[in-house]
Amino acid sequence: MSPWSMFKSADVLVKAVMIGLAFASLLTWTIFIAKMIEMTVIQRKLRNALKKISDSRSLAEAQFALGAKGNVLSSLLAAAMREARLSAGISSDAGIKERAASSFSEIVRAEARRIRLGMGLLATIGATSPFVGLFGTVWGIMNSFIGISKSQTTNLAVVAPGIAEALLATAIGLVAAIPAVIIYNHFSRVTKGYLELVGRASGAAGRLLSRDLDRTHVGGSHSRAAAE
C-alpha cells in the first residue's frame, strides 16, 4: 500500500482533509521562502542605511546621505524634519521632541505590523493542522468500523486498509504543522532582531533632531549677542 493508493481509496471527507492539509503545507513553505528573502533584504538595507548616517551632523545631511531610498529610516528622518518644520517658532524643545517621538512610535508600529504579515497564518497552521488531521483520522476509522460491521469480519487484511487511510490524515497533519511551528519560531526571532534595528533607527533620528534643535538655539543666541 502506497500513500497515493491510500489517498485514492479514502473517503471523500478524508480526501478533502488531506488536500486541505497539503495546501496548508504549501502555504507554509511559500511564506518561508518569501519571508526569508524579505527579511534578508530589509535587514541588509537598514544596516547599510544606519552606517551611511552614522557621521551625519543634521537631519538634512542624513537625508542627503540616504538619497531617495525608501525604507523605515527615511520615514523616520522625514517625520523628524516635518515636525521640526511644523513646530518652527515654538520655543519648547521638549514638546517638539515629544511630538516627534509620537510620530516615530507610529512608524515603528506600522513597520512591525507590516513585517509580521504571514506570521498569523503560520501560527494558525501550526496550531490547527494536527487537529484537522485527527478529525480526518477519526472520520476514517469510524467508516472502517462501519465497514467491519457490514462485512461481519475482523480479518486484519479487510480492516487494515481503511485504518491506514485514516491514519494517513494524521501523518499529513503533522507534516503540515511541524514545519509551520519551526518556521514561525524562527521568524519570531528574526523579526525581533529587525525591530531592534528599527529601534536603533528611531533613536538615530531622535538624536539628529535634538542636535538640530540645539544648533538652532546656539545660532539664535549668537545672532542676539552680535546684535547687542
# chains A, B, ... in the order shown; residues from 1 in each chain; ligands from 1

call {"tool": "closest_atom_pairs", "arguments": {"of": "segment 76-118 of chain A", "to": "segment 183-200 of chain A", "cutoff": "10 Å", "atoms": "only C-alpha atoms", "output": "JSON lines"}}
result
{"residue": "A:Leu76", "atom": "CA", "partner": "A:Val198", "partner_atom": "CA", "distance": 9.6}
{"residue": "A:Phe104", "atom": "CA", "partner": "A:Gly199", "partner_atom": "CA", "distance": 9.3}
{"residue": "A:Ser105", "atom": "CA", "partner": "A:Gly199", "partner_atom": "CA", "distance": 9.4}
{"residue": "A:Ile107", "atom": "CA", "partner": "A:Val198", "partner_atom": "CA", "distance": 9.6}
{"residue": "A:Val108", "atom": "CA", "partner": "A:Val198", "partner_atom": "CA", "distance": 6.9}
{"residue": "A:Arg109", "atom": "CA", "partner": "A:Leu195", "partner_atom": "CA", "distance": 9.6}
{"residue": "A:Glu111", "atom": "CA", "partner": "A:Leu195", "partner_atom": "CA", "distance": 8.4}
{"residue": "A:Ala112", "atom": "CA", "partner": "A:Leu195", "partner_atom": "CA", "distance": 7.0}
{"residue": "A:Ile115", "atom": "CA", "partner": "A:Thr191", "partner_atom": "CA", "distance": 7.2}
{"residue": "A:Arg116", "atom": "CA", "partner": "A:Thr191", "partner_atom": "CA", "distance": 7.5}
{"residue": "A:Gly118", "atom": "CA", "partner": "A:Tyr184", "partner_atom": "CA", "distance": 9.4}

call {"tool": "residues_around", "arguments": {"residues": "Val12 of chain A", "least_positions_apart": "6", "cutoff": "12 Å", "atoms": "only C-alpha atoms", "output": "JSON, numbers by chain"}}
result
{"A": [18, 19, 136, 139, 140, 143, 165, 166]}

call {"tool": "write_last_selection", "arguments": {"atoms": "C-alpha atoms", "output": "PDB file, in the first residue's frame"}}
result
ATOM      1  CA  MET A  18      -5.732  15.635   3.162  1.00  0.00           C
ATOM      2  CA  ILE A  19      -5.949  18.110   0.287  1.00  0.00           C
ATOM      3  CA  GLY A 136      -9.834  13.035   9.251  1.00  0.00           C
ATOM      4  CA  TRP A 139     -13.804  10.010  10.470  1.00  0.00           C
ATOM      5  CA  GLY A 140     -11.868   7.379   8.535  1.00  0.00           C
ATOM      6  CA  ASN A 143     -16.080   4.462   8.457  1.00  0.00           C
ATOM      7  CA  GLU A 165      -6.013   5.536   5.138  1.00  0.00           C
ATOM      8  CA  ALA A 166      -7.389   7.245   8.227  1.00  0.00           C
TER       9      ALA A 166
END

call {"tool": "residues_around", "arguments": {"residues": "Ala201 of chain A", "least_positions_apart": "6", "cutoff": "12 Å", "atoms": "only C-alpha atoms", "output": "number ranges by chain"}}
result
A: 43, 45-54, 62, 71-77, 80, 104-105, 107-108, 194-195, 207-208

call {"tool": "write_last_selection", "arguments": {"atoms": "C-alpha atoms", "output": "mmCIF file, in the first residue's frame"}}
result
data_model
loop_
_atom_site.group_PDB
_atom_site.id
_atom_site.type_symbol
_atom_site.label_atom_id
_atom_site.label_comp_id
_atom_site.auth_asym_id
_atom_site.auth_seq_id
_atom_site.Cartn_x
_atom_site.Cartn_y
_atom_site.Cartn_z
ATOM 1 C CA GLN A 43 17.833 43.952 7.307
ATOM 2 C CA LYS A 45 19.302 47.729 3.654
ATOM 3 C CA LEU A 46 18.606 49.107 7.133
ATOM 4 C CA ARG A 47 22.094 48.227 8.406
ATOM 5 C CA ASN A 48 23.633 49.934 5.379
ATOM 6 C CA ALA A 49 21.401 52.982 5.894
ATOM 7 C CA LEU A 50 22.439 53.262 9.551
ATOM 8 C CA LYS A 51 26.101 53.116 8.523
ATOM 9 C CA LYS A 52 25.547 55.878 5.961
ATOM 10 C CA ILE A 53 24.121 58.323 8.511
ATOM 11 C CA SER A 54 26.464 57.393 11.367
ATOM 12 C CA ALA A 62 21.384 62.365 6.885
ATOM 13 C CA ASN A 71 12.984 52.498 3.969
ATOM 14 C CA VAL A 72 11.900 52.904 7.554
ATOM 15 C CA LEU A 73 14.887 55.128 8.387
ATOM 16 C CA SER A 74 13.924 57.506 5.567
ATOM 17 C CA SER A 75 10.396 57.652 7.009
ATOM 18 C CA LEU A 76 11.743 58.423 10.486
ATOM 19 C CA LEU A 77 14.002 61.203 9.207
ATOM 20 C CA ALA A 80 11.521 64.427 12.267
ATOM 21 C CA PHE A 104 8.345 57.651 15.499
ATOM 22 C CA SER A 105 6.221 55.253 17.567
ATOM 23 C CA ILE A 107 6.080 54.467 12.178
ATOM 24 C CA VAL A 108 7.680 51.685 14.244
ATOM 25 C CA TYR A 194 14.903 43.509 12.870
ATOM 26 C CA LEU A 195 12.678 45.542 15.199
ATOM 27 C CA ARG A 207 19.404 62.326 18.178
ATOM 28 C CA LEU A 208 19.708 64.165 14.866
#

call {"tool": "select_by_dssp", "arguments": {"residues": "segment 32-115 of chain A", "states": "alpha helix (DSSP H)", "output": "CSV table (one decimal) with N, CA and C atoms, in the first residue's frame"}}
result
chain,number,residue,atom,x,y,z
A,32,PHE,N,7.6,30.8,4.0
A,32,PHE,CA,9.0,30.7,4.4
A,32,PHE,C,10.0,31.3,3.4
A,33,ILE,N,9.8,31.0,2.1
A,33,ILE,CA,10.7,31.5,1.1
A,33,ILE,C,10.5,33.0,0.9
A,34,ALA,N,9.3,33.5,0.9
A,34,ALA,CA,9.0,34.9,0.7
A,34,ALA,C,9.6,35.7,1.9
A,35,LYS,N,9.3,35.2,3.1
A,35,LYS,CA,9.8,36.0,4.3
A,35,LYS,C,11.3,35.9,4.4
A,36,MET,N,11.9,34.8,4.1
A,36,MET,CA,13.4,34.7,4.1
A,36,MET,C,14.0,35.7,3.2
A,37,ILE,N,13.5,35.9,2.0
A,37,ILE,CA,14.0,36.9,1.1
A,37,ILE,C,13.8,38.3,1.6
A,38,GLU,N,12.5,38.5,2.1
A,38,GLU,CA,12.2,39.9,2.5
A,38,GLU,C,13.0,40.3,3.7
A,39,MET,N,13.2,39.4,4.7
A,39,MET,CA,13.9,39.8,5.9
A,39,MET,C,15.4,40.0,5.6
A,40,THR,N,16.0,39.1,4.8
A,40,THR,CA,17.4,39.3,4.4
A,40,THR,C,17.6,40.6,3.7
A,41,VAL,N,16.7,41.0,2.8
A,41,VAL,CA,16.9,42.3,2.1
A,41,VAL,C,16.7,43.5,3.0
A,42,ILE,N,15.6,43.5,3.7
A,42,ILE,CA,15.4,44.7,4.5
A,42,ILE,C,16.4,44.9,5.7
A,43,GLN,N,16.8,43.8,6.3
A,43,GLN,CA,17.8,44.0,7.3
A,43,GLN,C,19.1,44.5,6.7
A,44,ARG,N,19.6,44.0,5.6
A,44,ARG,CA,20.8,44.5,5.0
A,44,ARG,C,20.7,45.9,4.6
A,45,LYS,N,19.5,46.3,4.0
A,45,LYS,CA,19.3,47.7,3.7
A,45,LYS,C,19.3,48.7,4.9
A,46,LEU,N,18.7,48.2,6.0
A,46,LEU,CA,18.6,49.1,7.1
A,46,LEU,C,20.0,49.2,7.8
A,47,ARG,N,20.7,48.1,7.8
A,47,ARG,CA,22.1,48.2,8.4
A,47,ARG,C,23.0,49.2,7.6
A,48,ASN,N,22.9,49.1,6.3
A,48,ASN,CA,23.6,49.9,5.4
A,48,ASN,C,23.2,51.4,5.6
A,49,ALA,N,21.9,51.6,5.7
A,49,ALA,CA,21.4,53.0,5.9
A,49,ALA,C,21.9,53.6,7.2
A,50,LEU,N,21.9,52.8,8.3
A,50,LEU,CA,22.4,53.3,9.6
A,50,LEU,C,23.9,53.6,9.5
A,51,LYS,N,24.7,52.8,8.7
A,51,LYS,CA,26.1,53.1,8.5
A,51,LYS,C,26.3,54.4,7.8
A,52,LYS,N,25.4,54.7,6.8
A,52,LYS,CA,25.5,55.9,6.0
A,52,LYS,C,25.3,57.2,6.8
A,59,LEU,N,19.7,66.4,10.3
A,59,LEU,CA,18.7,65.7,9.6
A,59,LEU,C,18.9,65.8,8.1
A,60,ALA,N,19.1,67.1,7.7
A,60,ALA,CA,19.3,67.3,6.2
A,60,ALA,C,20.5,66.5,5.7
A,61,GLU,N,21.6,66.5,6.4
A,61,GLU,CA,22.7,65.8,6.0
A,61,GLU,C,22.5,64.3,5.9
A,62,ALA,N,21.7,63.8,6.9
A,62,ALA,CA,21.4,62.4,6.9
A,62,ALA,C,20.5,62.0,5.7
A,63,GLN,N,19.5,62.9,5.4
A,63,GLN,CA,18.6,62.6,4.3
A,63,GLN,C,19.4,62.7,3.0
A,64,PHE,N,20.4,63.6,2.9
A,64,PHE,CA,21.2,63.6,1.7
A,64,PHE,C,22.1,62.4,1.5
A,65,ALA,N,22.6,61.9,2.7
A,65,ALA,CA,23.4,60.7,2.6
A,65,ALA,C,22.6,59.4,2.2
A,66,LEU,N,21.3,59.4,2.6
A,66,LEU,CA,20.5,58.2,2.2
A,66,LEU,C,20.0,58.3,0.8
A,72,VAL,N,12.5,52.4,6.3
A,72,VAL,CA,11.9,52.9,7.6
A,72,VAL,C,12.7,54.1,8.1
A,73,LEU,N,14.0,54.0,7.9
A,73,LEU,CA,14.9,55.1,8.4
A,73,LEU,C,14.6,56.4,7.6
A,74,SER,N,14.3,56.3,6.3
A,74,SER,CA,13.9,57.5,5.6
A,74,SER,C,12.6,58.1,6.1
A,75,SER,N,11.7,57.2,6.5
A,75,SER,CA,10.4,57.7,7.0
A,75,SER,C,10.6,58.3,8.3
A,76,LEU,N,11.5,57.8,9.2
A,76,LEU,CA,11.7,58.4,10.5
A,76,LEU,C,12.4,59.8,10.3
A,77,LEU,N,13.4,59.9,9.4
A,77,LEU,CA,14.0,61.2,9.2
A,77,LEU,C,13.0,62.2,8.6
A,78,ALA,N,12.1,61.8,7.7
A,78,ALA,CA,11.1,62.7,7.1
A,78,ALA,C,10.2,63.1,8.2
A,79,ALA,N,9.8,62.2,9.1
A,79,ALA,CA,8.9,62.6,10.2
A,79,ALA,C,9.5,63.6,11.1
A,80,ALA,N,10.8,63.5,11.4
A,80,ALA,CA,11.5,64.4,12.3
A,80,ALA,C,11.6,65.8,11.6
A,81,MET,N,11.9,65.8,10.3
A,81,MET,CA,12.0,67.0,9.5
A,81,MET,C,10.6,67.7,9.5
A,82,ARG,N,9.6,67.0,9.3
A,82,ARG,CA,8.2,67.5,9.2
A,82,ARG,C,7.9,68.2,10.5
A,83,GLU,N,8.2,67.5,11.6
A,83,GLU,CA,7.8,68.0,12.9
A,83,GLU,C,8.6,69.3,13.2
A,84,ALA,N,9.9,69.3,12.9
A,84,ALA,CA,10.7,70.5,13.1
A,84,ALA,C,10.2,71.7,12.3
A,85,ARG,N,9.7,71.4,11.1
A,85,ARG,CA,9.2,72.5,10.2
A,85,ARG,C,7.8,73.0,10.7
A,86,LEU,N,7.0,72.0,11.1
A,86,LEU,CA,5.6,72.5,11.6
A,86,LEU,C,5.7,73.2,13.0
A,93,ASP,N,11.5,72.9,23.2
A,93,ASP,CA,12.2,71.7,22.6
A,93,ASP,C,11.6,70.4,23.1
A,94,ALA,N,11.2,70.4,24.3
A,94,ALA,CA,10.6,69.1,24.9
A,94,ALA,C,9.4,68.8,24.2
A,95,GLY,N,8.5,69.8,23.8
A,95,GLY,CA,7.3,69.5,23.1
A,95,GLY,C,7.6,69.0,21.7
A,96,ILE,N,8.6,69.6,21.1
A,96,ILE,CA,8.9,69.1,19.7
A,96,ILE,C,9.4,67.7,19.7
A,97,LYS,N,10.3,67.4,20.7
A,97,LYS,CA,10.8,66.0,20.8
A,97,LYS,C,9.7,65.0,21.1
A,98,GLU,N,8.8,65.4,22.0
A,98,GLU,CA,7.7,64.5,22.4
A,98,GLU,C,6.8,64.2,21.2
A,99,ARG,N,6.5,65.2,20.4
A,99,ARG,CA,5.6,65.0,19.2
A,99,ARG,C,6.4,64.2,18.2
A,100,ALA,N,7.7,64.4,18.0
A,100,ALA,CA,8.4,63.6,17.1
A,100,ALA,C,8.5,62.2,17.6
A,101,ALA,N,8.7,61.9,18.9
A,101,ALA,CA,8.7,60.6,19.4
A,101,ALA,C,7.4,59.9,19.2
A,102,SER,N,6.3,60.6,19.2
A,102,SER,CA,5.0,60.0,19.0
A,102,SER,C,4.9,59.6,17.5
A,103,SER,N,5.4,60.4,16.6
A,103,SER,CA,5.4,60.0,15.2
A,103,SER,C,6.3,58.8,14.9
A,104,PHE,N,7.4,58.8,15.6
A,104,PHE,CA,8.3,57.7,15.5
A,104,PHE,C,7.7,56.4,15.9
A,105,SER,N,6.9,56.4,17.0
A,105,SER,CA,6.2,55.3,17.6
A,105,SER,C,5.2,54.7,16.6
A,106,GLU,N,4.5,55.6,15.9
A,106,GLU,CA,3.5,55.2,14.9
A,106,GLU,C,4.2,54.5,13.7
A,107,ILE,N,5.3,55.1,13.3
A,107,ILE,CA,6.1,54.5,12.2
A,107,ILE,C,6.6,53.1,12.6
A,108,VAL,N,7.1,53.0,13.8
A,108,VAL,CA,7.7,51.7,14.2
A,108,VAL,C,6.6,50.6,14.4
A,109,ARG,N,5.4,51.1,14.9
A,109,ARG,CA,4.3,50.1,15.0
A,109,ARG,C,3.8,49.7,13.6
A,110,ALA,N,3.7,50.6,12.7
A,110,ALA,CA,3.3,50.3,11.3
A,110,ALA,C,4.3,49.3,10.7
A,111,GLU,N,5.6,49.5,10.9
A,111,GLU,CA,6.6,48.6,10.4
A,111,GLU,C,6.5,47.2,11.0
A,112,ALA,N,6.2,47.2,12.3
A,112,ALA,CA,6.1,45.9,13.0
A,112,ALA,C,4.9,45.1,12.4
A,113,ARG,N,3.8,45.8,12.2
A,113,ARG,CA,2.6,45.2,11.6
A,113,ARG,C,2.9,44.7,10.2
A,114,ARG,N,3.6,45.5,9.4
A,114,ARG,CA,3.9,45.1,8.0
A,114,ARG,C,4.9,43.8,8.0
A,115,ILE,N,5.8,43.8,8.9
A,115,ILE,CA,6.8,42.8,8.9
A,115,ILE,C,6.3,41.5,9.4

call {"tool": "residues_around", "arguments": {"residues": "Leu26 of chain A", "least_positions_apart": "4", "cutoff": "12 Å", "atoms": "only C-alpha atoms", "output": "list in words"}}
result
Ile19, Gly20, Leu21, Ala22, Thr30, Ile31, Phe32, Ile33, Leu122, Ile125, Ile172, Val175, Ala176, Ala177, Pro179 and Ala180 of chain A

call {"tool": "closest_residue", "arguments": {"among": "A:Ala204, A:Ala88, A:Ile141, A:Ala127", "to": "Ala164 of chain A", "atoms": "only C-alpha atoms"}}
result
A:Ile141

call {"tool": "atom_distance", "arguments": {"atom1": "atom CA of Trp29 of chain A", "atom2": "atom CA of Ala16 of chain A"}}
result
20.3 Å
